[in-house]
There are 2 protein chains.
Amino acid sequence: MIIHELMASECGEILRRMSFGRLACARFNQPYIVPIFFYFDADANRLYSFSTVGRKIEWMRENPKVCVEVEEIADQFHWTTIVITGRYLEVSNAAEAQAARQRAQELFQRRTQWWLPGGANLASGAEHEEPVIYSILIDAMSGRRAARPV
Amino acid sequence: MIIHELMASECGEILRRMSFGRLACARFNQPYIVPIFFYFDADANRLYSFSTVGRKIEWMRENPKVCVEVEEIADQFHWTTIVITGRYLEVSNAAEAQAARQRAQELFQRRTQWWLPGGANLASGAEHEEPVIYSILIDAMSGRRAARPV
């Protein structure tokens with residue numbers, strides 16, 4: 001199998017049609033991975049997402065350095081992975097961030113299939129907490145695509 | 001949607017039949033995610049995997065704290081995620097580690113579908129490098145399963 005590096009434009013194309021990936025944050029050099037839904041805003045060079053407050057949000061508030069990974073896997077000869085490193089930026093509840101919050105919420109509404117972690121709550125509680133809206137400002141992005149050797 | 005926490009035994013059951021997940025390592029608090037294949041050795045409380053030398057191996061040699069995430073997703077009402085935190089342990093090439101290397105290689109041979117990153121090489125080079133065999137000693141493991149509310 002041969003693996004090709006993708007150009008930034010190819011990574012962007014894939015991110016535009018994907019909305020599911022995994023985010024890693026770290027505290028005291030201990031990484032932690034969670035699945036997330038996101039919306040890629042190419043103009044702003046960032047991903048948008050939301051989550052109820054929990055370990056992930058607490059860690060990212062402390063250390064904004066994150067990594068996001070996205071996969072498209074058909075079979076062993078046809079797969080693509082994209083890895084993004086970036087910085088967590090919370091969209092605050094303050095009045096002056098109203099426009100940014102609204103923009104993020106509009107983006108989220110274009111996706112109907114957002115059902116995983118961020119939105120969901122444990123059966124044990126925390127049912128009606130206000131979600132945190134955040135963005136990941138993209139610092140670097142790389143992609144790999146597998147191809148059958150010819 | 002209601003989400004249930006899994007017991008350790010349920011996590012173990014899932015890990016035994018899965019072999020694909022994502023590993024996050026970190027350097028200077030910057031996390032980095034890569035897809036991996038692994039073999040779960042319940043008796044040894046660890047995952048085994050291998051990889052050619054690259055960023056991931058270099059980072060884990062420097063900071064052994066890692067996280068592994070595994071998903072089983074059927075649809076929005078039927079999904080399970082498992083998150084493991086643990087420590088990277090390299091299986092050395094030294095003569096005294098011969099038995100451990102052999103054990104790991106036997107485990108790998110039970111999987112026929114190991115085709116992603118670790119094994120593969122970039123078209124640009126590093127073709128015949130000896131892979132590094134490593135294990136992740138599991139420190140903590142948690143799992144969540146989604147269910148439709150009744």
# chains A, B, ... in the order shown; residues from 1 in each chain; ligands from 1
call {"tool": "closest_atom_pairs", "arguments": {"of": "chain A", "to": "chain B", "cutoff": "10 Å", "atoms": "only C-alpha atoms", "output": "tab-separated table"}}
result
residue	atom	partner	partner_atom	distance
A:Met1	CA	B:Ala120	CA	6.7
A:Ile2	CA	B:Ala123	CA	5.3
A:Ile3	CA	B:Leu122	CA	4.9
A:His4	CA	B:Ala123	CA	6.2
A:Glu5	CA	B:Leu122	CA	7.9
A:Arg22	CA	B:Ile33	CA	8.4
A:Leu23	CA	B:Ile33	CA	8.2
A:Ala24	CA	B:Pro31	CA	6.0
A:Cys25	CA	B:Pro31	CA	6.0
A:Ala26	CA	B:Asn29	CA	5.7
A:Arg27	CA	B:Asn29	CA	6.6
A:Phe28	CA	B:Asn29	CA	6.7
A:Asn29	CA	B:Asn29	CA	4.8
A:Gln30	CA	B:Lys65	CA	5.3
A:Pro31	CA	B:Cys67	CA	5.7
A:Tyr32	CA	B:Cys67	CA	5.5
A:Ile33	CA	B:Glu69	CA	6.2
A:Val34	CA	B:Glu69	CA	7.4
A:Pro35	CA	B:Thr81	CA	8.2
A:Asn63	CA	B:Asn29	CA	7.4
A:Pro64	CA	B:Gln30	CA	8.8
A:Lys65	CA	B:Gln30	CA	5.3
A:Val66	CA	B:Pro31	CA	5.8
A:Cys67	CA	B:Tyr32	CA	5.5
A:Val68	CA	B:Ile33	CA	7.1
A:Glu69	CA	B:Ile33	CA	6.2
A:Val70	CA	B:Ile33	CA	9.6
A:Glu71	CA	B:Pro35	CA	8.7
A:Asp75	CA	B:Trp115	CA	9.5
A:Gln76	CA	B:Trp115	CA	6.0
A:Phe77	CA	B:Trp115	CA	8.4
A:Trp79	CA	B:Leu116	CA	8.7
A:Thr81	CA	B:Pro35	CA	8.2
A:Ile82	CA	B:Val34	CA	9.2
A:Val83	CA	B:Ile33	CA	7.0
A:Ile84	CA	B:Tyr32	CA	8.4
A:Thr85	CA	B:Tyr32	CA	7.3
A:Gly86	CA	B:Gln30	CA	9.0
A:Arg87	CA	B:Gln30	CA	9.6
A:Gln113	CA	B:Gln76	CA	7.8
A:Trp114	CA	B:Gln76	CA	8.4
A:Trp115	CA	B:Gln76	CA	6.0
A:Leu116	CA	B:Gln76	CA	7.2
A:Pro117	CA	B:Ile3	CA	9.0
A:Gly119	CA	B:Met1	CA	9.5
A:Ala120	CA	B:Met1	CA	6.7
A:Asn121	CA	B:Ile3	CA	6.6
A:Leu122	CA	B:Ile3	CA	4.9
A:Ala123	CA	B:Ile2	CA	5.3
A:Ser124	CA	B:His4	CA	8.2
A:Arg144	CA	B:Leu122	CA	8.9
A:Arg145	CA	B:Leu122	CA	9.8
A:Ala146	CA	B:Leu116	CA	8.7
A:Ala147	CA	B:Ala123	CA	9.8
A:Pro149	CA	B:Ala123	CA	9.7
call {"tool": "closest_residue", "arguments": {"among": "A:Ala44, A:Leu89, A:Ala74, A:Ile133", "to": "Glu62 in chain A", "atoms": "only C-alpha atoms"}}
result
A:Leu89
call {"tool": "residues_around", "arguments": {"residues": "range 17-20 of chain A", "least_positions_apart": "2", "cutoff": "6 Å", "atoms": "only C-alpha atoms", "output": "short mmCIF file (atom, residue, chain, number, x, y, z; two decimals) with all heavy atoms, in the first residue's frame"}}
result
data_model
loop_
_atom_site.label_atom_id
_atom_site.label_comp_id
_atom_site.auth_asym_id
_atom_site.auth_seq_id
_atom_site.Cartn_x
_atom_site.Cartn_y
_atom_site.Cartn_z
N ILE A 14 -12.37 17.75 2.35
CA ILE A 14 -12.88 16.64 3.17
C ILE A 14 -13.56 17.17 4.43
O ILE A 14 -14.65 16.74 4.79
CB ILE A 14 -11.73 15.67 3.52
CG1 ILE A 14 -11.26 14.97 2.23
CG2 ILE A 14 -12.17 14.64 4.56
CD1 ILE A 14 -9.90 14.35 2.33
N LEU A 15 -12.93 18.14 5.08
CA LEU A 15 -13.50 18.69 6.32
C LEU A 15 -14.86 19.33 6.07
O LEU A 15 -15.73 19.31 6.93
CB LEU A 15 -12.56 19.72 6.94
CG LEU A 15 -11.27 19.17 7.55
CD1 LEU A 15 -10.39 20.31 8.03
CD2 LEU A 15 -11.58 18.22 8.70
N ILE A 36 -16.24 13.98 18.82
CA ILE A 36 -16.98 15.25 18.74
C ILE A 36 -17.65 15.40 17.37
O ILE A 36 -17.23 14.79 16.39
CB ILE A 36 -16.09 16.50 18.93
CG1 ILE A 36 -14.98 16.59 17.85
CG2 ILE A 36 -15.49 16.56 20.32
CD1 ILE A 36 -14.39 17.97 17.69
N PHE A 37 -18.67 16.24 17.35
CA PHE A 37 -19.20 16.74 16.08
C PHE A 37 -18.67 18.16 15.92
O PHE A 37 -18.47 18.87 16.90
CB PHE A 37 -20.73 16.76 16.09
CG PHE A 37 -21.29 15.41 15.79
CD1 PHE A 37 -21.59 14.53 16.81
CD2 PHE A 37 -21.48 15.01 14.49
CE1 PHE A 37 -22.09 13.28 16.53
CE2 PHE A 37 -21.98 13.75 14.20
CZ PHE A 37 -22.28 12.89 15.21
N PHE A 38 -18.41 18.52 14.68
CA PHE A 38 -17.86 19.86 14.44
C PHE A 38 -18.40 20.41 13.14
O PHE A 38 -18.93 19.67 12.30
CB PHE A 38 -16.33 19.82 14.39
CG PHE A 38 -15.80 19.01 13.24
CD1 PHE A 38 -15.69 19.54 11.96
CD2 PHE A 38 -15.44 17.67 13.42
CE1 PHE A 38 -15.23 18.77 10.90
CE2 PHE A 38 -14.97 16.91 12.36
CZ PHE A 38 -14.87 17.46 11.09
N TYR A 39 -18.25 21.69 12.98
CA TYR A 39 -18.55 22.33 11.71
C TYR A 39 -17.29 23.07 11.30
O TYR A 39 -16.74 23.86 12.05
CB TYR A 39 -19.72 23.30 11.86
CG TYR A 39 -20.18 23.82 10.53
CD1 TYR A 39 -21.23 23.22 9.84
CD2 TYR A 39 -19.52 24.88 9.92
CE1 TYR A 39 -21.62 23.68 8.60
CE2 TYR A 39 -19.90 25.34 8.67
CZ TYR A 39 -20.96 24.74 8.02
OH TYR A 39 -21.35 25.18 6.78
#
call {"tool": "residues_around", "arguments": {"residues": "Gln105 in chain B", "least_positions_apart": "6", "cutoff": "12 Å", "atoms": "only C-alpha atoms", "output": "PyMOL selection string"}}
result
chain B and resi 38-39+48-50+91+98-99+111+131-135
call {"tool": "write_last_selection", "arguments": {"atoms": "N, CA and C atoms", "output": "PDB file, in the first residue's frame"}}
result
ATOM      1  N   PHE B  38      -4.565  -2.495  17.346  1.00  0.00           N
ATOM      2  CA  PHE B  38      -4.028  -2.987  18.609  1.00  0.00           C
ATOM      3  C   PHE B  38      -4.572  -4.379  18.878  1.00  0.00           C
ATOM      4  N   TYR B  39      -3.932  -5.039  19.804  1.00  0.00           N
ATOM      5  CA  TYR B  39      -4.434  -6.315  20.299  1.00  0.00           C
ATOM      6  C   TYR B  39      -4.560  -6.172  21.808  1.00  0.00           C
ATOM      7  N   TYR B  48      -1.327  -4.190  22.781  1.00  0.00           N
ATOM      8  CA  TYR B  48      -0.086  -4.298  22.017  1.00  0.00           C
ATOM      9  C   TYR B  48      -0.284  -3.691  20.641  1.00  0.00           C
ATOM     10  N   SER B  49       0.761  -3.037  20.142  1.00  0.00           N
ATOM     11  CA  SER B  49       0.704  -2.513  18.787  1.00  0.00           C
ATOM     12  C   SER B  49       2.129  -2.378  18.242  1.00  0.00           C
ATOM     13  N   PHE B  50       2.222  -1.881  17.023  1.00  0.00           N
ATOM     14  CA  PHE B  50       3.550  -1.644  16.459  1.00  0.00           C
ATOM     15  C   PHE B  50       3.472  -0.468  15.509  1.00  0.00           C
ATOM     16  N   VAL B  91       8.752  -2.494  23.617  1.00  0.00           N
ATOM     17  CA  VAL B  91       9.324  -3.839  23.710  1.00  0.00           C
ATOM     18  C   VAL B  91      10.667  -3.772  22.984  1.00  0.00           C
ATOM     19  N   GLN B  98      13.360 -10.954  24.094  1.00  0.00           N
ATOM     20  CA  GLN B  98      12.998 -11.836  22.990  1.00  0.00           C
ATOM     21  C   GLN B  98      11.620 -12.481  23.201  1.00  0.00           C
ATOM     22  N   ALA B  99      11.376 -12.971  24.412  1.00  0.00           N
ATOM     23  CA  ALA B  99      10.109 -13.649  24.690  1.00  0.00           C
ATOM     24  C   ALA B  99       8.932 -12.677  24.531  1.00  0.00           C
ATOM     25  N   ARG B 111      -4.505 -11.216  13.806  1.00  0.00           N
ATOM     26  CA  ARG B 111      -5.282 -10.208  13.104  1.00  0.00           C
ATOM     27  C   ARG B 111      -4.824 -10.159  11.657  1.00  0.00           C
ATOM     28  N   PRO B 131       9.921  -2.217  12.384  1.00  0.00           N
ATOM     29  CA  PRO B 131       8.900  -1.567  13.213  1.00  0.00           C
ATOM     30  C   PRO B 131       9.221  -1.683  14.712  1.00  0.00           C
ATOM     31  N   VAL B 132       8.743  -0.701  15.450  1.00  0.00           N
ATOM     32  CA  VAL B 132       8.853  -0.714  16.903  1.00  0.00           C
ATOM     33  C   VAL B 132       7.628  -1.434  17.461  1.00  0.00           C
ATOM     34  N   ILE B 133       7.840  -2.397  18.332  1.00  0.00           N
ATOM     35  CA  ILE B 133       6.725  -3.072  18.996  1.00  0.00           C
ATOM     36  C   ILE B 133       6.552  -2.430  20.366  1.00  0.00           C
ATOM     37  N   TYR B 134       5.317  -2.102  20.719  1.00  0.00           N
ATOM     38  CA  TYR B 134       5.102  -1.461  22.014  1.00  0.00           C
ATOM     39  C   TYR B 134       3.808  -1.948  22.644  1.00  0.00           C
ATOM     40  N   SER B 135       3.691  -1.697  23.945  1.00  0.00           N
ATOM     41  CA  SER B 135       2.419  -1.985  24.615  1.00  0.00           C
ATOM     42  C   SER B 135       1.971  -0.737  25.350  1.00  0.00           C
TER      43      SER B 135
END
call {"tool": "atom_distance", "arguments": {"atom1": "CA of Val53 in chain B", "atom2": "CA of Gly21 in chain A"}}
result
25.0 Å
call {"tool": "select_by_dssp", "arguments": {"residues": "range 1-73 of chain B", "states": "strand (DSSP E)", "output": "compact mmCIF listing (two decimals) with all heavy atoms, in the first residue's frame"}}
result
# COMPACT_ATOMS: atom_id res chain seq x y z
N ILE B 2 -30.25 8.43 26.21
CA ILE B 2 -29.68 8.18 27.53
C ILE B 2 -28.35 7.46 27.35
O ILE B 2 -28.23 6.58 26.51
CB ILE B 2 -30.64 7.32 28.37
CG1 ILE B 2 -31.92 8.13 28.64
CG2 ILE B 2 -29.98 6.92 29.68
CD1 ILE B 2 -32.98 7.37 29.38
N ILE B 3 -27.37 7.86 28.13
CA ILE B 3 -26.04 7.25 28.03
C ILE B 3 -25.69 6.56 29.34
O ILE B 3 -25.83 7.15 30.40
CB ILE B 3 -24.99 8.32 27.69
CG1 ILE B 3 -25.37 8.99 26.37
CG2 ILE B 3 -23.60 7.70 27.59
CD1 ILE B 3 -24.44 10.08 25.95
N HIS B 4 -25.27 5.31 29.21
CA HIS B 4 -24.91 4.53 30.39
C HIS B 4 -23.40 4.35 30.48
O HIS B 4 -22.74 4.15 29.46
CB HIS B 4 -25.56 3.14 30.33
CG HIS B 4 -27.05 3.20 30.42
ND1 HIS B 4 -27.72 3.43 31.59
CD2 HIS B 4 -28.00 3.11 29.45
CE1 HIS B 4 -29.02 3.46 31.36
NE2 HIS B 4 -29.22 3.27 30.06
N GLU B 5 -22.90 4.36 31.69
CA GLU B 5 -21.49 4.04 31.92
C GLU B 5 -21.34 2.52 31.88
O GLU B 5 -22.17 1.79 32.42
CB GLU B 5 -21.04 4.53 33.31
CG GLU B 5 -21.18 6.01 33.53
CD GLU B 5 -19.94 6.80 33.10
OE1 GLU B 5 -18.99 6.17 32.62
OE2 GLU B 5 -19.96 8.02 33.26
N PHE B 20 -9.20 -1.80 16.22
CA PHE B 20 -8.91 -0.51 15.60
C PHE B 20 -9.36 0.62 16.53
O PHE B 20 -10.46 0.57 17.07
CB PHE B 20 -9.63 -0.42 14.25
CG PHE B 20 -9.45 0.91 13.57
CD1 PHE B 20 -8.19 1.33 13.19
CD2 PHE B 20 -10.53 1.73 13.33
CE1 PHE B 20 -8.01 2.56 12.56
CE2 PHE B 20 -10.36 2.96 12.70
CZ PHE B 20 -9.10 3.36 12.32
N GLY B 21 -8.48 1.59 16.71
CA GLY B 21 -8.83 2.74 17.54
C GLY B 21 -7.91 3.90 17.25
O GLY B 21 -7.27 3.93 16.19
N ARG B 22 -7.88 4.85 18.17
CA ARG B 22 -7.01 6.01 17.98
C ARG B 22 -6.19 6.22 19.24
O ARG B 22 -6.73 6.08 20.34
CB ARG B 22 -7.81 7.28 17.68
CG ARG B 22 -8.46 7.22 16.36
CD ARG B 22 -9.93 7.48 16.49
NE ARG B 22 -10.64 6.71 15.47
CZ ARG B 22 -11.48 5.73 15.76
NH1 ARG B 22 -11.72 5.38 17.02
NH2 ARG B 22 -12.08 5.08 14.80
N LEU B 23 -4.95 6.56 19.04
CA LEU B 23 -4.04 6.81 20.15
C LEU B 23 -3.66 8.28 20.17
O LEU B 23 -3.39 8.86 19.11
CB LEU B 23 -2.80 5.94 19.97
CG LEU B 23 -1.69 6.12 21.01
CD1 LEU B 23 -1.07 4.75 21.32
CD2 LEU B 23 -0.61 7.06 20.52
N ALA B 24 -3.69 8.88 21.35
CA ALA B 24 -3.19 10.25 21.50
C ALA B 24 -1.96 10.23 22.40
O ALA B 24 -1.96 9.59 23.44
CB ALA B 24 -4.25 11.17 22.08
N CYS B 25 -0.92 10.92 21.95
CA CYS B 25 0.25 11.15 22.79
C CYS B 25 0.39 12.67 22.91
O CYS B 25 -0.38 13.42 22.29
CB CYS B 25 1.50 10.52 22.18
SG CYS B 25 1.74 10.89 20.43
N ALA B 26 1.31 13.14 23.73
CA ALA B 26 1.43 14.58 23.94
C ALA B 26 2.88 14.97 24.18
O ALA B 26 3.65 14.23 24.78
CB ALA B 26 0.58 15.03 25.12
N ARG B 27 3.25 16.15 23.67
CA ARG B 27 4.57 16.72 23.96
C ARG B 27 4.38 18.19 24.27
O ARG B 27 3.71 18.90 23.52
CB ARG B 27 5.52 16.55 22.78
CG ARG B 27 6.95 16.91 23.20
CD ARG B 27 7.96 16.54 22.14
NE ARG B 27 7.72 17.29 20.92
CZ ARG B 27 8.63 17.43 19.95
NH1 ARG B 27 9.79 16.85 20.06
NH2 ARG B 27 8.35 18.11 18.88
N GLN B 30 0.96 19.49 24.02
CA GLN B 30 0.28 19.49 22.72
C GLN B 30 -0.10 18.06 22.37
O GLN B 30 0.79 17.24 22.10
CB GLN B 30 1.17 20.07 21.63
CG GLN B 30 0.62 19.90 20.20
CD GLN B 30 -0.67 20.66 19.96
OE1 GLN B 30 -0.68 21.88 20.06
NE2 GLN B 30 -1.77 19.96 19.67
N PRO B 31 -1.38 17.71 22.38
CA PRO B 31 -1.76 16.34 22.02
C PRO B 31 -1.69 16.10 20.51
O PRO B 31 -1.72 17.04 19.71
CB PRO B 31 -3.20 16.22 22.53
CG PRO B 31 -3.70 17.61 22.69
CD PRO B 31 -2.53 18.53 22.80
N TYR B 32 -1.61 14.83 20.15
CA TYR B 32 -1.48 14.43 18.74
C TYR B 32 -2.17 13.07 18.61
O TYR B 32 -1.89 12.15 19.38
CB TYR B 32 0.01 14.34 18.40
CG TYR B 32 0.33 13.87 17.00
CD1 TYR B 32 -0.06 14.62 15.90
CD2 TYR B 32 1.06 12.70 16.79
CE1 TYR B 32 0.26 14.18 14.61
CE2 TYR B 32 1.39 12.27 15.52
CZ TYR B 32 0.97 13.02 14.43
OH TYR B 32 1.29 12.60 13.17
N ILE B 33 -3.11 12.94 17.66
CA ILE B 33 -3.90 11.71 17.50
C ILE B 33 -3.50 10.95 16.25
O ILE B 33 -3.34 11.55 15.18
CB ILE B 33 -5.42 12.02 17.38
CG1 ILE B 33 -5.90 12.87 18.55
CG2 ILE B 33 -6.23 10.73 17.28
CD1 ILE B 33 -7.38 13.26 18.44
N VAL B 34 -3.38 9.64 16.36
CA VAL B 34 -3.18 8.80 15.18
C VAL B 34 -4.03 7.54 15.29
O VAL B 34 -4.23 7.02 16.39
CB VAL B 34 -1.71 8.35 14.99
CG1 VAL B 34 -0.85 9.46 14.42
CG2 VAL B 34 -1.14 7.85 16.30
N PRO B 35 -4.54 7.05 14.17
CA PRO B 35 -5.27 5.77 14.19
C PRO B 35 -4.28 4.62 14.41
O PRO B 35 -3.16 4.69 13.89
CB PRO B 35 -5.89 5.68 12.79
CG PRO B 35 -5.63 6.99 12.12
CD PRO B 35 -4.47 7.63 12.81
N ILE B 36 -4.68 3.64 15.16
CA ILE B 36 -3.80 2.48 15.37
C ILE B 36 -4.61 1.18 15.33
O ILE B 36 -5.82 1.16 15.55
CB ILE B 36 -3.06 2.50 16.74
CG1 ILE B 36 -4.07 2.47 17.92
CG2 ILE B 36 -2.13 3.68 16.86
CD1 ILE B 36 -3.45 2.03 19.24
N PHE B 37 -3.91 0.11 15.06
CA PHE B 37 -4.44 -1.23 15.31
C PHE B 37 -3.81 -1.73 16.60
O PHE B 37 -2.66 -1.39 16.91
CB PHE B 37 -4.10 -2.19 14.15
CG PHE B 37 -5.04 -2.02 13.01
CD1 PHE B 37 -4.74 -1.15 11.98
CD2 PHE B 37 -6.24 -2.69 12.98
CE1 PHE B 37 -5.63 -0.96 10.94
CE2 PHE B 37 -7.13 -2.52 11.94
CZ PHE B 37 -6.82 -1.65 10.92
N TYR B 39 -3.93 -5.04 19.80
CA TYR B 39 -4.43 -6.32 20.30
C TYR B 39 -4.56 -6.17 21.81
O TYR B 39 -3.61 -5.79 22.48
CB TYR B 39 -3.48 -7.46 19.94
CG TYR B 39 -4.08 -8.80 20.29
CD1 TYR B 39 -4.75 -9.54 19.32
CD2 TYR B 39 -4.02 -9.30 21.58
CE1 TYR B 39 -5.34 -10.75 19.64
CE2 TYR B 39 -4.60 -10.51 21.91
CZ TYR B 39 -5.26 -11.23 20.93
OH TYR B 39 -5.85 -12.43 21.25
N PHE B 40 -5.74 -6.46 22.36
CA PHE B 40 -5.97 -6.32 23.79
C PHE B 40 -5.61 -7.61 24.49
O PHE B 40 -6.19 -8.66 24.21
CB PHE B 40 -7.45 -5.97 24.03
CG PHE B 40 -7.85 -5.97 25.48
CD1 PHE B 40 -7.17 -5.20 26.42
CD2 PHE B 40 -8.93 -6.73 25.91
CE1 PHE B 40 -7.55 -5.20 27.76
CE2 PHE B 40 -9.32 -6.73 27.25
CZ PHE B 40 -8.62 -5.97 28.18
N ASP B 41 -4.65 -7.54 25.41
CA ASP B 41 -4.24 -8.70 26.19
C ASP B 41 -4.79 -8.51 27.61
O ASP B 41 -4.22 -7.81 28.44
CB ASP B 41 -2.70 -8.77 26.19
CG ASP B 41 -2.19 -10.02 26.88
OD1 ASP B 41 -2.96 -10.66 27.62
OD2 ASP B 41 -1.00 -10.35 26.70
N ARG B 46 -3.05 -4.86 29.10
CA ARG B 46 -2.42 -3.93 28.17
C ARG B 46 -2.85 -4.17 26.73
O ARG B 46 -3.40 -5.21 26.39
CB ARG B 46 -0.90 -3.99 28.30
CG ARG B 46 -0.28 -5.31 27.92
CD ARG B 46 1.22 -5.29 28.18
NE ARG B 46 1.52 -5.34 29.60
CZ ARG B 46 2.70 -5.00 30.14
NH1 ARG B 46 3.68 -4.56 29.39
NH2 ARG B 46 2.90 -5.11 31.44
N LEU B 47 -2.60 -3.16 25.92
CA LEU B 47 -2.78 -3.26 24.47
C LEU B 47 -1.40 -3.42 23.86
O LEU B 47 -0.43 -2.83 24.34
CB LEU B 47 -3.41 -1.98 23.91
CG LEU B 47 -4.69 -1.45 24.57
CD1 LEU B 47 -5.10 -0.13 23.90
CD2 LEU B 47 -5.82 -2.46 24.45
N TYR B 48 -1.33 -4.19 22.78
CA TYR B 48 -0.09 -4.30 22.02
C TYR B 48 -0.28 -3.69 20.64
O TYR B 48 -1.35 -3.83 20.04
CB TYR B 48 0.31 -5.77 21.83
CG TYR B 48 0.96 -6.38 23.04
CD1 TYR B 48 0.21 -7.10 23.96
CD2 TYR B 48 2.32 -6.21 23.28
CE1 TYR B 48 0.80 -7.66 25.08
CE2 TYR B 48 2.92 -6.75 24.40
CZ TYR B 48 2.16 -7.47 25.30
OH TYR B 48 2.76 -8.01 26.41
N SER B 49 0.76 -3.04 20.14
CA SER B 49 0.70 -2.51 18.79
C SER B 49 2.13 -2.38 18.24
O SER B 49 3.09 -2.73 18.92
CB SER B 49 -0.01 -1.17 18.75
OG SER B 49 -0.25 -0.79 17.41
N PHE B 50 2.22 -1.88 17.02
CA PHE B 50 3.55 -1.64 16.46
C PHE B 50 3.47 -0.47 15.51
O PHE B 50 2.39 -0.08 15.06
CB PHE B 50 4.07 -2.89 15.73
CG PHE B 50 3.27 -3.27 14.53
CD1 PHE B 50 3.57 -2.74 13.28
CD2 PHE B 50 2.20 -4.15 14.63
CE1 PHE B 50 2.82 -3.10 12.16
CE2 PHE B 50 1.44 -4.50 13.52
CZ PHE B 50 1.76 -3.98 12.29
N SER B 51 4.62 0.08 15.18
CA SER B 51 4.67 1.25 14.32
C SER B 51 6.09 1.44 13.81
O SER B 51 7.05 1.07 14.48
CB SER B 51 4.25 2.48 15.12
OG SER B 51 4.49 3.65 14.37
N LYS B 65 2.80 8.99 28.69
CA LYS B 65 1.36 9.07 29.00
C LYS B 65 0.55 9.14 27.72
O LYS B 65 0.73 10.05 26.91
CB LYS B 65 1.06 10.32 29.84
CG LYS B 65 1.66 10.29 31.23
CD LYS B 65 1.29 11.60 31.94
CE LYS B 65 2.10 11.81 33.19
NZ LYS B 65 1.93 13.20 33.70
N VAL B 66 -0.36 8.19 27.53
CA VAL B 66 -1.15 8.14 26.30
C VAL B 66 -2.63 7.90 26.60
O VAL B 66 -3.00 7.58 27.73
CB VAL B 66 -0.65 7.03 25.34
CG1 VAL B 66 0.78 7.28 24.91
CG2 VAL B 66 -0.79 5.66 25.99
N CYS B 67 -3.42 8.05 25.56
CA CYS B 67 -4.86 7.78 25.65
C CYS B 67 -5.25 7.00 24.40
O CYS B 67 -4.75 7.29 23.31
CB CYS B 67 -5.62 9.10 25.71
SG CYS B 67 -7.41 8.94 25.82
N VAL B 68 -6.10 6.00 24.55
CA VAL B 68 -6.60 5.25 23.40
C VAL B 68 -8.12 5.30 23.42
O VAL B 68 -8.74 5.13 24.48
CB VAL B 68 -6.12 3.78 23.43
CG1 VAL B 68 -6.75 2.98 22.29
CG2 VAL B 68 -4.60 3.71 23.33
N GLU B 69 -8.71 5.56 22.26
CA GLU B 69 -10.17 5.64 22.16
C GLU B 69 -10.64 4.63 21.13
O GLU B 69 -10.04 4.49 20.06
CB GLU B 69 -10.57 7.05 21.76
CG GLU B 69 -12.06 7.31 21.76
CD GLU B 69 -12.68 7.31 20.38
OE1 GLU B 69 -11.97 7.04 19.38
OE2 GLU B 69 -13.89 7.57 20.29
N VAL B 70 -11.73 3.91 21.45
CA VAL B 70 -12.28 2.89 20.56
C VAL B 70 -13.78 3.15 20.44
O VAL B 70 -14.44 3.46 21.43
CB VAL B 70 -12.02 1.48 21.15
CG1 VAL B 70 -12.66 0.41 20.31
CG2 VAL B 70 -10.53 1.23 21.29
N GLU B 71 -14.30 3.01 19.23
CA GLU B 71 -15.73 3.26 19.00
C GLU B 71 -16.39 2.08 18.32
O GLU B 71 -15.79 1.46 17.45
CB GLU B 71 -15.93 4.43 18.02
CG GLU B 71 -15.44 5.74 18.49
CD GLU B 71 -15.20 6.70 17.32
OE1 GLU B 71 -15.54 6.36 16.17
OE2 GLU B 71 -14.64 7.77 17.56
N GLU B 72 -17.63 1.83 18.68
CA GLU B 72 -18.50 0.95 17.90
C GLU B 72 -19.75 1.76 17.63
O GLU B 72 -20.52 2.03 18.56
CB GLU B 72 -18.89 -0.30 18.70
CG GLU B 72 -17.96 -1.46 18.53
CD GLU B 72 -18.55 -2.75 19.10
OE1 GLU B 72 -19.22 -2.68 20.15
OE2 GLU B 72 -18.34 -3.82 18.51
N ILE B 73 -19.93 2.18 16.40
CA ILE B 73 -21.07 3.05 16.09
C ILE B 73 -21.93 2.41 15.03
O ILE B 73 -21.47 2.17 13.91
CB ILE B 73 -20.58 4.43 15.61
CG1 ILE B 73 -19.81 5.13 16.75
CG2 ILE B 73 -21.76 5.30 15.17
CD1 ILE B 73 -19.26 6.49 16.38
